[in-house]
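The next block is final_22.csv, given as CSV, N, CA and C atoms.
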chain,number,residue,atom,x,y,z
Y,1,MET,N,73.2,67.5,83.7
Y,1,MET,CA,74.4,67.7,82.9
Y,1,MET,C,74.3,67.0,81.6
Y,2,ARG,N,73.7,65.8,81.5
Y,2,ARG,CA,73.6,65.1,80.3
Y,2,ARG,C,72.8,65.9,79.2
Y,3,TYR,N,71.8,66.7,79.7
Y,3,TYR,CA,71.0,67.5,78.8
Y,3,TYR,C,71.8,68.6,78.2
Y,4,LEU,N,72.7,69.2,79.0
Y,4,LEU,CA,73.6,70.2,78.6
Y,4,LEU,C,74.5,69.8,77.4
Y,5,VAL,N,75.1,68.6,77.6
Y,5,VAL,CA,76.0,68.0,76.6
Y,5,VAL,C,75.2,67.7,75.3
Y,6,LEU,N,74.0,67.1,75.5
Y,6,LEU,CA,73.2,66.7,74.4
Y,6,LEU,C,72.8,68.0,73.6
Y,7,PHE,N,72.4,69.1,74.3
Y,7,PHE,CA,72.1,70.3,73.6
Y,7,PHE,C,73.2,70.8,72.8
Y,8,ALA,N,74.4,70.8,73.4
Y,8,ALA,CA,75.6,71.2,72.7
Y,8,ALA,C,75.9,70.4,71.4
Y,9,LEU,N,75.6,69.1,71.5
Y,9,LEU,CA,75.9,68.3,70.3
Y,9,LEU,C,74.8,68.5,69.2
Y,10,LEU,N,73.6,68.9,69.6
Y,10,LEU,CA,72.6,69.1,68.6
Y,10,LEU,C,72.6,70.5,68.1
Y,11,ALA,N,73.1,71.5,68.8
Y,11,ALA,CA,73.1,72.8,68.4
Y,11,ALA,C,74.2,73.0,67.3
Y,12,SER,N,73.9,73.7,66.3
Y,12,SER,CA,74.9,74.0,65.3
Y,12,SER,C,75.0,75.5,65.1
Y,13,PRO,N,76.0,76.2,65.8
Y,13,PRO,CA,76.1,77.6,65.7
Y,13,PRO,C,76.4,78.1,64.3
Y,14,ALA,N,75.9,79.2,64.0
Y,14,ALA,CA,76.1,79.8,62.6
Y,14,ALA,C,77.6,80.0,62.3
Y,15,GLN,N,78.3,80.4,63.3
Y,15,GLN,CA,79.7,80.6,63.1
Y,15,GLN,C,80.4,80.3,64.4
Y,16,ALA,N,81.1,79.2,64.4
Y,16,ALA,CA,81.8,78.7,65.6
Y,16,ALA,C,83.2,79.5,65.8
Y,17,LEU,N,83.6,79.7,67.0
Y,17,LEU,CA,84.9,80.3,67.3
Y,17,LEU,C,85.9,79.1,67.3
Y,18,CYS,N,86.8,79.1,66.4
Y,18,CYS,CA,87.8,78.1,66.3
Y,18,CYS,C,89.2,78.6,66.3
Y,19,GLY,N,90.1,77.7,66.7
Y,19,GLY,CA,91.6,78.0,66.7
Y,19,GLY,C,92.3,76.7,67.1
Y,20,TYR,N,93.6,76.9,67.3
Y,20,TYR,CA,94.4,75.7,67.8
Y,20,TYR,C,93.9,75.4,69.2
Y,21,ARG,N,93.8,74.2,69.6
Y,21,ARG,CA,93.3,73.8,70.9
Y,21,ARG,C,94.0,74.4,72.0
Y,22,ALA,N,95.3,74.4,72.0
Y,22,ALA,CA,96.1,75.0,73.0
Y,22,ALA,C,95.8,76.5,73.2
Y,23,ASP,N,95.6,77.2,72.1
Y,23,ASP,CA,95.2,78.6,72.2
Y,23,ASP,C,93.8,78.8,72.8
Y,24,VAL,N,92.9,78.0,72.4
Y,24,VAL,CA,91.5,78.1,72.9
Y,24,VAL,C,91.5,77.8,74.4
Y,25,VAL,N,92.2,76.8,74.8
Y,25,VAL,CA,92.2,76.4,76.2
Y,25,VAL,C,92.9,77.5,77.0
Y,26,SER,N,94.0,78.1,76.5
Y,26,SER,CA,94.7,79.2,77.2
Y,26,SER,C,93.8,80.4,77.3
Y,27,SER,N,93.0,80.7,76.3
Y,27,SER,CA,92.1,81.8,76.3
Y,27,SER,C,91.0,81.6,77.3
Y,28,LEU,N,90.5,80.4,77.4
Y,28,LEU,CA,89.4,80.2,78.4
Y,28,LEU,C,89.9,80.4,79.8
Y,29,ALA,N,91.1,79.9,80.0
Y,29,ALA,CA,91.7,80.1,81.4
Y,29,ALA,C,92.0,81.6,81.7
Y,30,TRP,N,92.6,82.3,80.7
Y,30,TRP,CA,93.0,83.7,80.9
Y,30,TRP,C,91.8,84.6,81.0
Y,31,LYS,N,90.9,84.5,80.1
Y,31,LYS,CA,89.8,85.4,80.0
Y,31,LYS,C,88.7,85.1,81.0
Y,32,TYR,N,88.4,83.8,81.3
Y,32,TYR,CA,87.2,83.5,82.1
Y,32,TYR,C,87.6,82.6,83.3
Y,33,GLY,N,88.8,82.3,83.5
Y,33,GLY,CA,89.2,81.5,84.7
Y,33,GLY,C,88.7,80.1,84.6
Y,34,GLU,N,88.4,79.6,83.4
Y,34,GLU,CA,87.8,78.3,83.3
Y,34,GLU,C,88.8,77.2,83.2
Y,35,ALA,N,88.6,76.1,83.8
Y,35,ALA,CA,89.5,74.9,83.8
Y,35,ALA,C,88.7,73.7,83.3
Y,36,ARG,N,89.3,72.7,82.8
Y,36,ARG,CA,88.7,71.5,82.3
Y,36,ARG,C,87.9,70.8,83.4
Y,37,GLN,N,86.7,70.5,83.2
Y,37,GLN,CA,85.8,69.7,84.1
Y,37,GLN,C,85.5,68.3,83.7
Y,38,GLY,N,85.6,68.1,82.4
Y,38,GLY,CA,85.3,66.7,81.9
Y,38,GLY,C,85.5,66.7,80.4
Y,39,ALA,N,85.4,65.4,79.9
Y,39,ALA,CA,85.6,65.2,78.5
Y,39,ALA,C,84.7,64.0,78.1
Y,40,LYS,N,84.4,63.9,76.8
Y,40,LYS,CA,83.6,62.8,76.3
Y,40,LYS,C,83.9,62.5,74.9
Y,41,LEU,N,83.9,61.3,74.5
Y,41,LEU,CA,84.1,60.9,73.1
Y,41,LEU,C,82.9,60.2,72.6
Y,42,PRO,N,81.8,60.9,72.3
Y,42,PRO,CA,80.6,60.3,71.8
Y,42,PRO,C,80.8,59.6,70.5
Y,43,ARG,N,80.0,58.6,70.2
Y,43,ARG,CA,80.2,57.9,68.9
Y,43,ARG,C,79.8,58.8,67.7
Y,44,SER,N,80.6,58.7,66.7
Y,44,SER,CA,80.4,59.5,65.5
Y,44,SER,C,80.4,61.0,65.6
Y,45,VAL,N,80.9,61.5,66.7
Y,45,VAL,CA,81.1,62.9,66.9
Y,45,VAL,C,82.5,63.2,67.4
Y,46,MET,N,83.0,64.4,67.1
Y,46,MET,CA,84.3,64.8,67.5
Y,46,MET,C,84.4,64.8,69.1
Y,47,PRO,N,85.5,64.5,69.7
Y,47,PRO,CA,85.6,64.6,71.1
Y,47,PRO,C,85.3,66.0,71.6
Y,48,ILE,N,84.6,66.1,72.8
Y,48,ILE,CA,84.3,67.3,73.4
Y,48,ILE,C,84.9,67.4,74.8
Y,49,GLU,N,85.1,68.7,75.2
Y,49,GLU,CA,85.6,68.9,76.5
Y,49,GLU,C,84.7,70.0,77.1
Y,50,ILE,N,84.5,70.0,78.5
Y,50,ILE,CA,83.8,71.0,79.2
Y,50,ILE,C,84.7,71.7,80.1
Y,51,TYR,N,84.7,73.0,80.0
Y,51,TYR,CA,85.5,73.9,80.8
Y,51,TYR,C,84.5,74.8,81.7
Y,52,ALA,N,84.9,75.1,82.9
Y,52,ALA,CA,84.0,75.9,83.8
Y,52,ALA,C,84.8,76.6,84.8
Y,53,ASN,N,84.2,77.7,85.3
Y,53,ASN,CA,84.8,78.4,86.4
Y,53,ASN,C,83.9,78.2,87.6
Y,54,PRO,N,84.3,77.6,88.7
Y,54,PRO,CA,83.4,77.2,89.8
Y,54,PRO,C,83.0,78.5,90.6
Y,55,VAL,N,83.7,79.6,90.5
Y,55,VAL,CA,83.3,80.8,91.2
Y,55,VAL,C,82.2,81.6,90.5
Y,56,THR,N,82.5,81.9,89.2
Y,56,THR,CA,81.5,82.6,88.4
Y,56,THR,C,80.4,81.7,87.8
Y,57,ARG,N,80.7,80.4,87.8
Y,57,ARG,CA,79.8,79.3,87.2
Y,57,ARG,C,79.6,79.5,85.7
Y,58,THR,N,80.5,80.1,85.0
Y,58,THR,CA,80.5,80.1,83.5
Y,58,THR,C,81.0,78.8,83.0
Y,59,TRP,N,80.5,78.4,81.8
Y,59,TRP,CA,81.0,77.2,81.2
Y,59,TRP,C,81.1,77.3,79.7
Y,60,THR,N,82.0,76.5,79.2
Y,60,THR,CA,82.2,76.5,77.7
Y,60,THR,C,82.5,75.0,77.3
Y,61,ILE,N,81.9,74.7,76.2
Y,61,ILE,CA,82.1,73.3,75.6
Y,61,ILE,C,82.8,73.5,74.3
Y,62,ILE,N,84.0,72.8,74.2
Y,62,ILE,CA,84.7,72.9,72.9
Y,62,ILE,C,84.7,71.5,72.3
Y,63,GLU,N,84.8,71.5,71.0
Y,63,GLU,CA,84.8,70.3,70.2
Y,63,GLU,C,86.2,70.2,69.5
Y,64,ASN,N,86.9,69.2,69.8
Y,64,ASN,CA,88.2,69.0,69.2
Y,64,ASN,C,88.1,68.5,67.8
Y,65,ARG,N,88.9,69.0,66.9
Y,65,ARG,CA,88.9,68.7,65.5
Y,65,ARG,C,90.2,68.1,65.1
Y,66,ILE,N,90.3,67.6,63.9
Y,66,ILE,CA,91.5,67.1,63.3
Y,66,ILE,C,92.6,68.2,63.1
Y,67,GLY,N,93.8,67.8,63.4
Y,67,GLY,CA,94.9,68.8,63.2
Y,67,GLY,C,95.2,69.6,64.3
Y,68,GLY,N,94.7,69.3,65.5
Y,68,GLY,CA,94.9,70.1,66.7
Y,68,GLY,C,94.1,71.3,66.9
Y,69,ARG,N,93.0,71.4,66.1
Y,69,ARG,CA,92.1,72.5,66.2
Y,69,ARG,C,91.0,72.2,67.2
Y,70,ALA,N,90.3,73.3,67.6
Y,70,ALA,CA,89.2,73.1,68.5
Y,70,ALA,C,88.2,74.3,68.2
Y,71,CYS,N,86.9,74.0,68.4
Y,71,CYS,CA,85.9,75.1,68.2
Y,71,CYS,C,85.0,75.1,69.4
Y,72,VAL,N,84.6,76.4,69.8
Y,72,VAL,CA,83.7,76.6,70.9
Y,72,VAL,C,82.3,76.3,70.3
Y,73,VAL,N,81.6,75.4,70.9
Y,73,VAL,CA,80.2,75.0,70.4
Y,73,VAL,C,79.1,75.5,71.3
Y,74,ALA,N,79.4,75.8,72.6
Y,74,ALA,CA,78.4,76.3,73.5
Y,74,ALA,C,79.0,77.0,74.7
Y,75,THR,N,78.4,78.0,75.2
Y,75,THR,CA,78.8,78.7,76.4
Y,75,THR,C,77.6,79.0,77.2
Y,76,GLY,N,77.8,79.3,78.5
Y,76,GLY,CA,76.7,79.7,79.3
Y,76,GLY,C,77.1,80.0,80.7
Y,77,ARG,N,76.1,80.2,81.5
Y,77,ARG,CA,76.2,80.5,83.0
Y,77,ARG,C,75.4,79.5,83.8
Y,78,GLY,N,75.8,79.3,85.0
Y,78,GLY,CA,75.0,78.4,85.9
Y,78,GLY,C,75.5,77.0,85.9
Y,79,PHE,N,76.8,76.8,85.7
Y,79,PHE,CA,77.4,75.5,85.7
Y,79,PHE,C,77.1,74.9,87.1
Y,80,PRO,N,76.6,73.7,87.2
Y,80,PRO,CA,76.3,73.0,88.5
Y,80,PRO,C,77.6,72.6,89.2
Y,81,ILE,N,77.7,73.1,90.4
Y,81,ILE,CA,78.9,72.7,91.2
Y,81,ILE,C,78.4,71.6,92.2
Y,82,VAL,N,79.1,70.5,92.1
Y,82,VAL,CA,78.9,69.3,92.9
Y,82,VAL,C,79.9,69.3,94.1
Y,83,LYS,N,79.4,69.5,95.3
Y,83,LYS,CA,80.3,69.5,96.5
Y,83,LYS,C,80.9,68.1,96.7
Y,84,GLY,N,82.2,68.1,97.0
Y,84,GLY,CA,82.8,66.8,97.2
Y,84,GLY,C,83.3,66.2,95.9
Y,85,SER,N,83.2,66.9,94.8
Y,85,SER,CA,83.6,66.3,93.5
Y,85,SER,C,85.1,66.5,93.4
Y,86,ASN,N,85.8,65.6,92.7
Y,86,ASN,CA,87.2,65.7,92.4
Y,86,ASN,C,87.5,66.4,91.1
Y,87,THR,N,86.5,66.9,90.4
Y,87,THR,CA,86.7,67.5,89.1
Y,87,THR,C,87.0,69.0,89.2
Output the file's structure in the form of structure tokens.
Amino acid sequence: MRYLVLFALLASPAQALCGYRADVVSSLAWKYGEARQGAKLPRSVMPIEIYANPVTRTWTIIENRIGGRACVVATGRGFPIVKGSNT
């Protein structure tokens, strides 16, 4: 999981999908059934959140920006499901 987050922080997509955070989160839930699995506030980087669907195992990482905006910085399949986890 650490490598996944590290990769997302190092990757710089040519064109990120951005919008108001509430709209981005609603879209992830409606289109992909993804819910928040975790968040991190790395030093000198905008706060990030990880969303995933435990059934389809798709995942999305968003980066929160100033002014209530958020950008999708990484997506994929194969999110690791940890049994007995409270997330």
Selection near Arg57 of chain Y, 6.5 Å with only N, CA and C atoms, sequence-local residues under 6 positions removed, as a list in words: Gly76, Arg77, Gly78, Phe79 and Pro80 of chain Y
Between atom CA of Val55 of chain Y and atom N of Leu17 of chain Y - distance in Å to one decimal: 24.2 Å
Atom pair atom CA of Asn53 of chain Y / atom CA of Leu41 of chain Y: separation (Å):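 Going from atom CA of Asn53 of chain Y over to atom CA of Leu41 of chain Y, I get 22.0 Å.
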Selection: 5 Å around Ala39 of chain Y, only N, CA and C atoms, excl. self and same-chain fewer than 5 positions, as an MDAnalysis selection string: chainID Y and resid 48:50
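Remark: for Ala35 of chain Y, the closest of the candidate residues Y:Trp59, Y:Ala52, Y:Gly67, Y:Val72 is Y:Ala52 (distances computed over only N, CA and C atoms).
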Between atom N of Glu34 of chain Y and atom N of Pro54 of chain Y - distance in Å to one decimal: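 Spanning atom N of Pro54 of chain Y to atom N of Glu34 of chain Y is a straight-line distance of 7.0 Å.
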Residues within 8 Å of (94.2, 71.6, 66.3), file coords, only C-alpha atoms, listed as a ChimeraX atom specification: /Y:19-22,64-70
Nearest-residue call for Asp23 of chain Y, choices Y:Tyr51, Y:Met46, Y:Cys71, Y:Arg36, using only C-alpha atoms: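 For Asp23 of chain Y, the nearest of the candidates is Y:Cys71.
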